[in-house]
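S.K.: Contents of final05.cif (mmCIF, C-alpha atoms) are given next:
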```cif
data_start
#
loop_
_atom_site.label_atom_id
_atom_site.label_comp_id
_atom_site.auth_asym_id
_atom_site.auth_seq_id
_atom_site.Cartn_x
_atom_site.Cartn_y
_atom_site.Cartn_z
CA MET T 1 64.52 6.11 48.33
CA GLY T 2 64.82 8.93 50.87
CA ALA T 3 64.95 8.55 54.66
CA LEU T 4 61.15 8.52 54.84
CA LYS T 5 59.10 5.48 53.89
CA ASN T 6 57.27 5.55 50.57
CA PHE T 7 53.73 4.22 50.18
CA ALA T 8 51.52 3.64 47.15
CA ILE T 9 47.74 3.81 47.43
CA ILE T 10 46.28 2.28 44.29
CA VAL T 11 42.64 3.21 43.86
CA ALA T 12 40.47 0.82 41.86
CA GLY T 13 36.95 2.05 42.16
CA GLY T 14 35.49 1.89 38.68
CA SER T 15 32.70 -0.44 37.73
CA GLY T 16 33.68 -0.44 34.06
CA VAL T 17 30.45 1.08 32.78
CA ARG T 18 32.21 2.97 29.99
CA MET T 19 34.02 -0.09 28.59
CA GLY T 20 30.94 -1.74 27.12
CA SER T 21 32.00 -4.77 29.16
CA GLY T 22 30.87 -6.36 32.39
CA ILE T 23 34.42 -6.65 33.72
CA PRO T 24 35.71 -3.58 35.59
CA LYS T 25 38.48 -1.92 33.59
CA GLN T 26 41.21 -2.68 36.12
CA PHE T 27 40.69 -6.42 35.58
CA LEU T 28 40.73 -6.43 31.76
CA PRO T 29 43.76 -8.15 30.25
CA ILE T 30 46.65 -6.32 28.59
CA ASN T 31 48.79 -8.88 26.81
CA GLY T 32 46.96 -11.55 28.78
CA ILE T 33 47.60 -10.02 32.22
CA PRO T 34 45.02 -7.91 34.13
CA VAL T 35 45.59 -4.15 34.03
CA LEU T 36 45.88 -4.00 37.82
CA PHE T 37 48.82 -6.43 37.90
CA HIS T 38 50.70 -4.28 35.39
CA THR T 39 49.95 -1.22 37.53
CA ILE T 40 50.99 -2.75 40.85
CA ARG T 41 54.25 -4.11 39.45
CA LYS T 42 55.32 -0.59 38.48
CA PHE T 43 55.56 0.28 42.18
CA GLU T 44 57.39 -2.89 43.24
CA GLY T 45 60.75 -2.05 44.80
CA ILE T 46 60.10 1.70 44.61
CA VAL T 47 57.72 1.95 47.57
CA ASP T 48 57.91 0.21 50.93
CA GLU T 49 54.24 -0.72 50.99
CA ILE T 50 51.46 -1.00 48.41
CA ILE T 51 47.89 -0.45 49.55
CA LEU T 52 45.23 -1.57 47.10
CA VAL T 53 41.79 -0.03 47.61
CA LEU T 54 39.09 -2.19 46.01
CA PRO T 55 35.31 -2.32 46.38
CA ALA T 56 34.51 -5.08 48.91
CA SER T 57 32.42 -6.76 46.21
CA HIS T 58 35.60 -7.28 44.15
CA PHE T 59 37.66 -8.96 46.89
CA THR T 60 36.70 -12.52 45.92
CA TYR T 61 37.36 -11.90 42.24
CA TRP T 62 40.70 -10.28 43.11
CA ASN T 63 41.76 -13.28 45.19
CA GLU T 64 40.78 -15.63 42.38
CA LEU T 65 42.83 -13.56 39.91
CA CYS T 66 45.87 -13.60 42.20
CA GLU T 67 45.63 -17.36 42.41
CA LYS T 68 45.05 -17.81 38.68
CA TYR T 69 48.04 -15.65 37.75
CA SER T 70 50.22 -16.75 40.72
CA PHE T 71 50.43 -13.08 41.70
CA LYS T 72 52.16 -13.15 45.09
CA LEU T 73 53.26 -9.54 45.64
CA ASN T 74 52.85 -8.42 49.25
CA ILE T 75 50.10 -5.80 49.15
CA ARG T 76 47.60 -4.61 51.73
CA LEU T 77 43.97 -4.86 50.61
CA VAL T 78 41.65 -2.11 51.86
CA GLU T 79 37.91 -1.77 51.31
CA GLY T 80 36.86 1.11 49.03
CA GLY T 81 34.24 3.73 49.80
CA ASP T 82 31.31 4.79 47.64
CA SER T 83 33.32 7.53 45.90
CA ARG T 84 36.93 7.97 44.80
CA THR T 85 37.43 10.49 47.61
CA LYS T 86 36.23 8.04 50.26
CA SER T 87 38.36 5.25 48.80
CA VAL T 88 41.47 7.43 49.04
CA ILE T 89 40.60 8.32 52.66
CA HIS T 90 40.29 4.60 53.48
CA GLY T 91 43.73 4.10 51.92
CA LEU T 92 45.22 6.96 53.92
CA ASN T 93 43.69 5.63 57.14
CA ALA T 94 45.57 2.38 56.59
CA ILE T 95 48.88 4.27 56.88
CA LYS T 96 50.00 4.87 60.45
CA GLU T 97 53.36 6.59 60.01
CA ALA T 98 54.88 9.61 58.27
CA GLY T 99 56.13 9.09 54.75
CA ILE T 100 55.60 10.00 51.12
CA ILE T 101 52.38 8.78 49.58
CA ALA T 102 51.82 8.09 45.87
CA ILE T 103 48.10 7.96 45.08
CA HIS T 104 47.58 6.25 41.75
CA ASP T 105 44.70 5.22 39.50
CA ALA T 106 44.55 1.44 39.10
CA VAL T 107 43.81 1.99 35.43
CA ARG T 108 47.08 3.79 34.61
CA PRO T 109 49.34 0.76 34.04
CA LEU T 110 51.68 2.53 31.61
CA VAL T 111 53.28 4.97 34.05
CA SER T 112 57.05 4.55 34.05
CA ARG T 113 59.03 3.55 37.14
CA LYS T 114 61.26 6.54 36.46
CA LEU T 115 58.34 8.97 36.75
CA ILE T 116 57.11 7.35 39.98
CA SER T 117 60.56 7.66 41.59
CA TYR T 118 60.94 11.24 40.45
CA LEU T 119 57.52 12.28 41.77
CA LEU T 120 58.20 10.72 45.19
CA LYS T 121 61.46 12.63 45.44
CA GLU T 122 59.80 15.89 44.35
CA ALA T 123 57.00 15.43 46.90
CA GLU T 124 59.56 14.84 49.65
CA LEU T 125 61.20 18.16 48.74
CA HIS T 126 58.13 20.28 47.99
CA GLY T 127 55.19 18.71 49.83
CA ASN T 128 53.47 17.50 46.67
CA ALA T 129 54.22 16.56 43.08
CA ILE T 130 51.52 16.24 40.44
CA PRO T 131 52.28 14.87 36.95
CA ALA T 132 50.71 16.87 34.12
CA ILE T 133 51.06 17.22 30.37
CA PRO T 134 49.98 19.94 27.93
CA VAL T 135 46.47 19.61 26.51
CA ARG T 136 46.65 18.10 23.01
CA ASP T 137 43.42 19.11 21.29
CA SER T 138 41.74 22.47 21.06
CA LEU T 139 39.42 22.98 24.02
CA ARG T 140 35.94 24.48 24.16
CA LYS T 141 34.09 25.41 27.33
CA LYS T 142 30.35 25.18 27.95
CA ASN T 143 28.76 28.53 28.46
CA GLY T 144 25.04 28.04 29.07
CA ASP T 145 23.74 26.40 25.89
CA GLN T 146 26.64 27.87 23.93
CA ASN T 147 30.29 26.90 23.95
CA THR T 148 33.41 28.91 23.20
CA ALA T 149 37.07 28.25 22.51
CA VAL T 150 39.54 28.66 25.35
CA ASN T 151 43.30 29.10 25.13
CA ARG T 152 44.53 25.55 25.55
CA SER T 153 48.07 26.66 26.35
CA GLU T 154 46.73 27.78 29.73
CA TYR T 155 45.58 24.25 30.60
CA PHE T 156 47.22 20.99 31.69
CA SER T 157 45.94 17.41 31.71
CA VAL T 158 46.58 15.96 35.13
CA GLN T 159 47.70 12.37 35.66
CA THR T 160 48.62 10.12 38.56
CA PRO T 161 50.49 9.09 40.70
CA GLN T 162 49.92 12.29 42.64
CA CYS T 163 52.48 12.31 45.44
CA PHE T 164 52.31 14.01 48.83
CA GLN T 165 53.95 14.18 52.20
CA TYR T 166 51.67 12.09 54.40
CA GLN T 167 50.63 14.79 56.85
CA ILE T 168 49.80 17.28 54.09
CA ILE T 169 47.39 15.03 52.22
CA LYS T 170 45.98 13.45 55.39
CA THR T 171 45.18 16.88 56.88
CA GLY T 172 43.95 18.05 53.48
CA TYR T 173 41.32 15.34 53.32
CA GLU T 174 40.34 15.81 56.99
CA ASN T 175 39.74 19.52 56.37
CA CYS T 176 37.28 18.90 53.58
CA TYR T 177 35.35 16.01 55.07
CA GLY T 178 32.14 15.23 53.21
CA ARG T 179 33.18 16.82 49.91
CA ASP T 180 34.03 14.93 46.73
CA PHE T 181 37.01 15.63 44.51
CA SER T 182 37.99 14.20 41.13
CA ASP T 183 41.65 14.02 42.13
CA ASP T 184 43.91 14.56 45.12
CA ALA T 185 45.55 17.78 43.94
CA SER T 186 42.10 19.41 44.20
CA VAL T 187 42.12 18.68 47.94
CA ILE T 188 45.29 20.74 48.29
CA ASP T 189 43.69 23.52 46.19
CA TYR T 190 40.72 23.50 48.53
CA GLY T 191 43.02 24.04 51.51
CA GLY T 192 44.78 26.91 49.75
CA GLY T 193 48.01 24.99 49.10
CA LYS T 194 50.23 25.45 46.06
CA ILE T 195 50.52 22.63 43.54
CA ASN T 196 53.91 21.53 42.25
CA LEU T 197 53.36 20.36 38.65
CA VAL T 198 55.90 17.90 37.24
CA GLU T 199 56.10 16.87 33.60
CA GLY T 200 54.05 13.70 33.12
CA GLU T 201 54.14 11.17 30.30
CA ILE T 202 52.15 11.04 27.06
CA SER T 203 51.92 7.27 27.41
CA ASN T 204 50.59 7.39 30.99
CA ILE T 205 46.97 7.12 29.87
CA LYS T 206 43.94 6.13 31.91
CA ILE T 207 42.41 2.94 30.52
CA THR T 208 38.91 4.23 29.87
CA PHE T 209 37.84 2.82 26.51
CA ARG T 210 38.41 -0.42 24.57
CA GLU T 211 40.84 1.44 22.27
CA ASP T 212 43.07 2.15 25.25
CA ILE T 213 43.74 -1.56 25.74
CA LEU T 214 45.02 -1.76 22.15
CA PHE T 215 47.23 1.27 22.75
CA ALA T 216 48.60 -0.23 25.95
CA GLU T 217 49.41 -3.51 24.22
CA ALA T 218 51.10 -1.78 21.30
CA LEU T 219 53.20 0.30 23.63
CA LEU T 220 54.20 -2.60 25.87
CA ASN T 221 55.16 -4.67 22.85
CA ALA T 222 57.23 -1.88 21.35
CA THR T 223 59.12 -0.65 24.40
CA GLU T 224 60.90 -1.64 27.56
CA MET T 225 58.72 0.27 30.03
CA MET M 1 25.55 13.42 -0.37
CA GLY M 2 23.15 16.36 -0.38
CA ALA M 3 22.33 18.55 -3.35
CA LEU M 4 25.33 20.74 -2.61
CA LYS M 5 28.87 19.67 -3.46
CA ASN M 6 31.10 18.50 -0.64
CA PHE M 7 34.76 19.48 -0.39
CA ALA M 8 37.57 18.39 1.89
CA ILE M 9 40.45 20.71 2.71
CA ILE M 10 43.22 18.65 4.28
CA VAL M 11 45.73 20.83 6.06
CA ALA M 12 49.25 19.45 6.41
CA GLY M 13 51.34 22.20 7.84
CA GLY M 14 53.43 20.61 10.56
CA SER M 15 57.16 20.27 10.34
CA GLY M 16 57.26 17.33 12.74
CA VAL M 17 59.31 19.03 15.42
CA ARG M 18 57.57 17.19 18.25
CA MET M 19 58.09 13.70 16.75
CA GLY M 20 61.81 13.54 17.44
CA SER M 21 62.14 12.78 13.74
CA GLY M 22 63.14 14.74 10.66
CA ILE M 23 60.13 13.53 8.67
CA PRO M 24 56.99 15.64 9.08
CA LYS M 25 54.34 13.66 10.94
CA GLN M 26 51.94 13.46 8.00
CA PHE M 27 54.51 11.45 6.03
CA LEU M 28 55.40 8.90 8.71
CA PRO M 29 54.27 5.36 7.94
CA ILE M 30 51.35 3.64 9.64
CA ASN M 31 51.44 -0.04 8.71
CA GLY M 32 53.90 0.91 5.96
CA ILE M 33 51.73 3.62 4.38
CA PRO M 34 52.19 7.37 5.03
CA VAL M 35 49.72 8.93 7.48
CA LEU M 36 48.49 11.34 4.79
CA PHE M 37 47.43 8.57 2.42
CA HIS M 38 45.36 6.99 5.18
CA THR M 39 43.78 10.37 5.90
CA ILE M 40 42.99 11.23 2.27
CA ARG M 41 41.44 7.82 1.58
CA LYS M 42 38.90 8.40 4.35
CA PHE M 43 37.35 11.19 2.24
CA GLU M 44 37.35 9.25 -1.04
CA GLY M 45 33.83 8.88 -2.40
CA ILE M 46 32.34 11.03 0.37
CA VAL M 47 33.41 14.42 -0.98
CA ASP M 48 33.41 15.66 -4.59
CA GLU M 49 36.85 17.20 -4.36
CA ILE M 50 39.85 16.86 -2.06
CA ILE M 51 42.16 19.86 -1.66
CA LEU M 52 45.49 19.11 -0.03
CA VAL M 53 47.30 22.11 1.46
CA LEU M 54 51.03 21.40 1.80
CA PRO M 55 54.06 23.65 2.34
CA ALA M 56 55.59 24.33 -1.08
CA SER M 57 58.82 22.82 0.22
CA HIS M 58 57.05 19.46 0.57
CA PHE M 59 55.67 19.29 -2.99
CA THR M 60 58.60 17.34 -4.43
CA TYR M 61 58.60 14.86 -1.56
CA TRP M 62 54.83 14.46 -1.91
CA ASN M 63 55.10 13.71 -5.62
CA GLU M 64 57.83 11.17 -4.96
CA LEU M 65 55.66 9.49 -2.31
CA CYS M 66 52.68 9.34 -4.69
CA GLU M 67 54.88 7.65 -7.27
CA LYS M 68 56.47 5.26 -4.78
CA TYR M 69 53.11 4.14 -3.39
CA SER M 70 51.25 4.36 -6.75
CA PHE M 71 48.85 6.79 -5.06
CA LYS M 72 46.70 8.08 -7.91
CA LEU M 73 43.73 9.67 -6.18
CA ASN M 74 42.58 12.86 -7.90
CA ILE M 75 43.39 15.63 -5.44
CA ARG M 76 44.15 19.32 -5.88
CA LEU M 77 47.46 20.41 -4.39
CA VAL M 78 47.54 23.93 -2.91
CA GLU M 79 50.48 25.76 -1.41
CA GLY M 80 50.30 26.33 2.36
CA GLY M 81 50.80 29.60 4.19
CA ASP M 82 53.11 30.32 7.09
CA SER M 83 50.41 29.49 9.68
CA ARG M 84 47.53 27.03 9.89
CA THR M 85 45.09 29.89 9.47
CA LYS M 86 46.74 31.04 6.24
CA SER M 87 46.90 27.49 4.93
CA VAL M 88 43.17 27.08 5.45
CA ILE M 89 42.51 30.40 3.68
CA HIS M 90 44.57 29.19 0.71
CA GLY M 91 42.47 26.03 0.65
CA LEU M 92 39.22 28.02 0.79
CA ASN M 93 40.41 30.30 -2.02
CA ALA M 94 40.80 27.24 -4.23
CA ILE M 95 37.05 26.60 -3.98
CA LYS M 96 34.95 28.67 -6.38
CA GLU M 97 31.44 27.43 -5.72
CA ALA M 98 28.99 27.00 -2.84
CA GLY M 99 29.10 23.72 -0.99
CA ILE M 100 29.89 22.08 2.32
CA ILE M 101 33.53 22.17 3.39
CA ALA M 102 35.23 19.66 5.68
CA ILE M 103 38.48 21.11 7.05
CA HIS M 104 40.62 18.30 8.39
CA ASP M 105 44.04 17.85 10.00
CA ALA M 106 46.32 15.72 7.81
CA VAL M 107 47.47 13.98 10.98
CA ARG M 108 44.07 12.58 11.96
CA PRO M 109 44.03 9.42 9.84
CA LEU M 110 41.76 7.44 12.16
CA VAL M 111 38.57 9.44 11.67
CA SER M 112 35.76 7.18 10.50
CA ARG M 113 33.98 7.64 7.17
CA LYS M 114 30.72 7.50 9.11
CA LEU M 115 31.69 10.53 11.20
CA ILE M 116 32.79 12.52 8.13
CA SER M 117 29.47 11.87 6.38
CA TYR M 118 27.46 12.74 9.46
CA LEU M 119 29.34 16.01 10.03
CA LEU M 120 28.83 17.10 6.41
CA LYS M 121 25.09 16.48 6.72
CA GLU M 122 24.92 18.34 10.03
CA ALA M 123 26.82 21.31 8.58
CA GLU M 124 24.43 21.44 5.64
CA LEU M 125 21.52 21.64 8.08
CA HIS M 126 23.01 23.91 10.75
CA GLY M 127 25.80 25.92 9.10
CA ASN M 128 28.59 24.16 10.97
CA ALA M 129 29.35 20.87 12.70
CA ILE M 130 32.33 20.43 15.02
CA PRO M 131 33.31 17.01 16.40
CA ALA M 132 34.16 17.02 20.10
CA ILE M 133 34.57 14.53 22.93
CA PRO M 134 34.54 14.91 26.71
CA VAL M 135 37.88 15.72 28.33
CA ARG M 136 39.38 12.53 29.79
CA ASP M 137 41.83 13.67 32.44
CA SER M 138 41.42 16.17 35.25
CA LEU M 139 42.32 19.66 34.03
CA ARG M 140 44.25 22.41 35.75
CA LYS M 141 44.47 26.00 34.57
CA LYS M 142 47.46 28.33 34.84
CA ASN M 143 46.80 31.28 37.06
CA GLY M 144 49.92 33.43 37.18
CA ASP M 145 52.62 31.21 38.69
CA GLN M 146 49.96 29.08 40.37
CA ASN M 147 47.53 26.61 38.85
CA THR M 148 44.09 25.44 39.98
CA ALA M 149 41.69 22.65 39.15
CA VAL M 150 38.80 23.40 36.79
CA ASN M 151 35.59 21.43 36.36
CA ARG M 152 36.45 19.20 33.41
CA SER M 153 32.79 18.38 32.74
CA GLU M 154 32.46 21.92 31.39
CA TYR M 155 35.10 21.29 28.72
CA PHE M 156 35.31 19.45 25.39
CA SER M 157 38.28 18.32 23.32
CA VAL M 158 37.73 19.48 19.76
CA GLN M 159 38.65 17.35 16.74
CA THR M 160 38.43 17.62 12.98
CA PRO M 161 36.99 17.50 10.33
CA GLN M 162 35.24 20.73 11.22
CA CYS M 163 32.52 21.21 8.63
CA PHE M 164 30.91 24.42 7.39
CA GLN M 165 28.68 25.85 4.71
CA TYR M 166 31.13 27.45 2.31
CA GLN M 167 29.92 31.03 2.61
CA ILE M 168 29.90 30.94 6.40
CA ILE M 169 33.51 29.86 6.83
CA LYS M 170 34.74 31.91 3.86
CA THR M 171 33.17 35.09 5.26
CA GLY M 172 34.32 34.14 8.74
CA TYR M 173 37.96 34.06 7.67
CA GLU M 174 37.60 37.26 5.62
CA ASN M 175 36.23 39.09 8.66
CA CYS M 176 39.21 38.27 10.82
CA TYR M 177 41.97 38.81 8.31
CA GLY M 178 45.43 38.92 9.89
CA ARG M 179 44.53 37.00 13.03
CA ASP M 180 45.62 33.44 13.82
CA PHE M 181 43.36 30.72 15.15
CA SER M 182 44.17 27.21 16.37
CA ASP M 183 41.07 25.79 14.69
CA ASP M 184 38.24 26.82 12.38
CA ALA M 185 35.45 26.81 14.94
CA SER M 186 37.29 29.68 16.66
CA VAL M 187 36.78 31.77 13.53
CA ILE M 188 33.03 31.34 13.89
CA ASP M 189 33.29 32.25 17.59
CA TYR M 190 35.14 35.40 16.63
CA GLY M 191 32.29 36.40 14.33
CA GLY M 192 29.71 35.77 17.06
CA GLY M 193 28.34 32.59 15.48
CA LYS M 194 27.01 29.61 17.42
CA ILE M 195 28.92 26.33 17.28
CA ASN M 196 27.10 23.05 16.67
CA LEU M 197 29.03 20.38 18.58
CA VAL M 198 28.67 16.79 17.34
CA GLU M 199 29.94 13.73 19.20
CA GLY M 200 33.42 12.91 17.94
CA GLU M 201 35.39 9.68 18.24
CA ILE M 202 37.83 8.56 20.93
CA SER M 203 39.98 6.98 18.24
CA ASN M 204 40.14 10.14 16.09
CA ILE M 205 43.46 11.22 17.56
CA LYS M 206 45.95 13.70 16.18
CA ILE M 207 49.26 11.97 15.42
CA THR M 208 51.52 14.12 17.56
CA PHE M 209 53.94 11.77 19.27
CA ARG M 210 55.70 8.51 18.37
CA GLU M 211 53.30 6.62 20.66
CA ASP M 212 50.41 7.73 18.48
CA ILE M 213 51.76 5.79 15.52
CA LEU M 214 51.70 2.61 17.63
CA PHE M 215 48.15 3.36 18.68
CA ALA M 216 47.09 3.95 15.09
CA GLU M 217 48.62 0.69 13.94
CA ALA M 218 47.04 -1.28 16.78
CA LEU M 219 43.66 0.19 16.00
CA LEU M 220 43.88 -0.36 12.24
CA ASN M 221 44.98 -3.95 12.80
CA ALA M 222 42.14 -4.64 15.23
CA THR M 223 39.21 -3.04 13.42
CA GLU M 224 37.57 -2.43 10.09
CA MET M 225 37.73 1.37 10.12
#
```
Rewrite the structure of this file - the entire thing - as structure tokens.
M.R.:
Amino acid sequence: MGALKNFAIIVAGGSGVRMGSGIPKQFLPINGIPVLFHTIRKFEGIVDEIILVLPASHFTYWNELCEKYSFKLNIRLVEGGDSRTKSVIHGLNAIKEAGIIAIHDAVRPLVSRKLISYLLKEAELHGNAIPAIPVRDSLRKKNGDQNTAVNRSEYFSVQTPQCFQYQIIKTGYENCYGRDFSDDASVIDYGGGKINLVEGEISNIKITFREDILFAEALLNATEM
Amino acid sequence: MGALKNFAIIVAGGSGVRMGSGIPKQFLPINGIPVLFHTIRKFEGIVDEIILVLPASHFTYWNELCEKYSFKLNIRLVEGGDSRTKSVIHGLNAIKEAGIIAIHDAVRPLVSRKLISYLLKEAELHGNAIPAIPVRDSLRKKNGDQNTAVNRSEYFSVQTPQCFQYQIIKTGYENCYGRDFSDDASVIDYGGGKINLVEGEISNIKITFREDILFAEALLNATEM
């Protein structure tokens, strides 16, 4: 850890529509333990404070889960907004001091502790650090009702945690109030900032589909994460 | 099956560099059976003929594997070229009659038989059929030494088998002799043709990294493919 405090904002907005399941993805079990518990534990001991942003309607369920699984980690619970962007802003508003902020998807439980630490250090040095990996499949781009191949070597798949110096991301979001972004790096783009890409991890997938739970279980069973 | 014959060209070019393993990816075991055997079996009974394009240097190893695993499926072995494009052309040259051609990566063993059949039918109707899925992660695009977010909803990840009416893909490759393409749909693009995208499958991944073998095993163990 550097001289500055490190914070994690874990954003759990999804309603789980794409899972074919009533339970939001972040609460589905991986090896019997909810996704979100796996995710949060990755940040334990690396950051000074963990802020969990959840829809208010999930608070009761969350508290029940914590009790059921005797999950006693000291986290701060913050109410989500009606978009990812607003949820992140609520998380940022809960932080009152300078530091390095890791903003992470609740549904990326497979990120390694090594990558988190490295990204925080990179963000402290360079203002931001965004994990990304090469695109695996050929890509095509919509073009009216047609579609054409693009050169995939020019593209990266972006992951989280996306890490920032507090003032940079806080000001970034303030300067684009009212707009929605799919990730936090885009907020820096919008303000004309330069993005510092860091090599991410193949295994750091977003739990989006039922198959991803199987992948996560296989990986956890095969490796010391 | 339609009135026309169906063919599969299975392209196994890779040398496995990215696996951190000396064995080319298509020969690595999934649940104890080489990837390539899983892949080939998906086409059994759906197509009239299976053409396997392998580097000549792998022929001996392939024959040993067939013996070891008592793999007796009737396939035609064709020597690969020094690029994917040339390997596909060698496969196409081995076909002497009109029909529908499914060109498939050897390292996509998880494709479903249902998807293969559907793509062949679609290609018979429309000239081509290319499986694709939405892009999962946020995308960034290189822009000199910078990189910027792009709208991922405009992009698709392209899979295989890519299916074509024989004359269309044969002529397509003839018209761009000497060029290299990362997939077969790009050959149609090059000739000004329109691509018919069909919904692919999340699970139809390309075995590229060690983690993918774990995923494949988890999925095979959990489901009737």
S.K.: Using all atoms listed in the file, which protein or nucleic acid residues come within 12 Å of Ala218 (chain M)? Drop anything in the same chain fewer than 2 positions from it, and give the result as number ranges by chain.
M.R.: T: 210-222; M: 30-31, 110, 203, 211-216, 220-225
S.K.: If you take every atom of region 25-36 of chain T that the file lists and fit an axis-aligned box around them with 8 Å extra on each side, what centre and edge lengths come out in Å to one decimal, as AutoDock Vina command-line options?
M.R.:
```
--center_x 43.6 --center_y -6.7 --center_z 32.3 --size_x 26.3 --size_y 25.6 --size_z 27.0
```
S.K.: Once you count all atoms listed in the file, what closest atom pair and distance in Å to one decimal does each residue of chain M within 8 Å of chain T have, with rows by chain and rising residue number, as a Markdown table?
M.R.:
```
| residue | atom | partner | partner_atom | distance |
| --- | --- | --- | --- | --- |
| M:Asp137 | CA | T:Ser157 | CA | 5.6 |
| M:Ser138 | CA | T:Val158 | CA | 5.2 |
| M:Leu139 | CA | T:Ser157 | CA | 4.9 |
| M:Arg140 | CA | T:Phe156 | CA | 5.2 |
| M:Lys141 | CA | T:Tyr155 | CA | 4.5 |
| M:Lys142 | CA | T:Glu154 | CA | 5.2 |
| M:Gln146 | CA | T:Lys194 | CA | 6.8 |
| M:Asn147 | CA | T:Ile195 | CA | 6.8 |
| M:Thr148 | CA | T:Asp189 | CA | 6.5 |
| M:Ala149 | CA | T:Ser186 | CA | 6.0 |
| M:Glu154 | CA | T:Lys142 | CA | 5.2 |
| M:Tyr155 | CA | T:Lys141 | CA | 4.5 |
| M:Phe156 | CA | T:Arg140 | CA | 5.2 |
| M:Ser157 | CA | T:Leu139 | CA | 4.8 |
| M:Val158 | CA | T:Ser138 | CA | 5.2 |
| M:Gln159 | CA | T:Asp137 | CA | 6.8 |
| M:Ser182 | CA | T:Ser138 | CA | 7.1 |
| M:Asp183 | CA | T:Ser138 | CA | 7.2 |
| M:Ala185 | CA | T:Ala149 | CA | 7.9 |
| M:Ser186 | CA | T:Ala149 | CA | 6.0 |
| M:Asp189 | CA | T:Thr148 | CA | 6.5 |
| M:Lys194 | CA | T:Gln146 | CA | 6.7 |
| M:Ile195 | CA | T:Asn147 | CA | 6.8 |
| M:Ile202 | CA | T:Glu211 | CA | 7.8 |
| M:Ser203 | CA | T:Glu211 | CA | 6.9 |
| M:Lys206 | CA | T:Asp137 | CA | 7.9 |
| M:Glu211 | CA | T:Ser203 | CA | 6.9 |
| M:Leu214 | CA | T:Ala218 | CA | 5.8 |
| M:Phe215 | CA | T:Phe215 | CA | 4.7 |
| M:Ala218 | CA | T:Leu214 | CA | 5.8 |
| M:Leu219 | CA | T:Leu214 | CA | 6.6 |
```
S.K.: Can you tell me which residues surround Leu4 (chain M) at a distance of at most 10 Å, considering all atoms listed in the file, apart from same-chain residues fewer than 5 positions away, and format the answer as a PyMOL selection string?
M.R.: chain M and resi 48+97-100+124+165
S.K.: Of the candidates M:Lys25, M:Ala8, M:Pro109, M:Lys68, which one gets nearest to Gln162 (chain M) if we count all atoms listed in the file?
M.R.: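 Using all atoms listed in the file, Gln162 (chain M) sits closest to M:Ala8.
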S.K.: Name the residues that the PyMOL selection byres ((chain T and resi 42) around 12) pulls out of this structure, and write them as a PyMOL selection string.
M.R.: chain T and resi 8+10+35-41+43-47+50+73+102+104+106+108-117+161+204+225
S.K.: Report, in Å with one decimal, the straight-line distance from CA of Leu52 (chain M) to CA of Gly91 (chain M).
M.R.: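 It comes out at 7.6 Å.
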S.K.: What is the CA of Tyr61 (chain M) to CA of Ile95 (chain M) distance in Å?
M.R.: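 Separation between CA of Tyr61 (chain M) and CA of Ile95 (chain M): 24.7 Å.
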S.K.: Excluding Gly80 (chain T) and its own-chain neighbours fewer than 2 positions away, which residues fall within 12 Å of it when counting all atoms listed in the file? Please give them as a PyMOL selection string.
M.R.: chain T and resi 9-14+51-59+77-78+82-94
S.K.: What is the distance between CA of Gln26 (chain T) and CA of Tyr166 (chain T), in Å to one decimal?
M.R.: 25.7 Å
S.K.: Go through M:Tyr118, M:Phe164, M:Phe71, M:Tyr173 and flag the residue nearest Ile33 (chain M), using all atoms listed in the file for the distances.
M.R.: M:Phe71
S.K.: Identify which of the residues T:Pro24, T:Gly127, T:Pro34, T:Pro29 lies closest to Gln167 (chain T), counting all atoms listed in the file when measuring atom-to-atom distances.
M.R.: T:Gly127
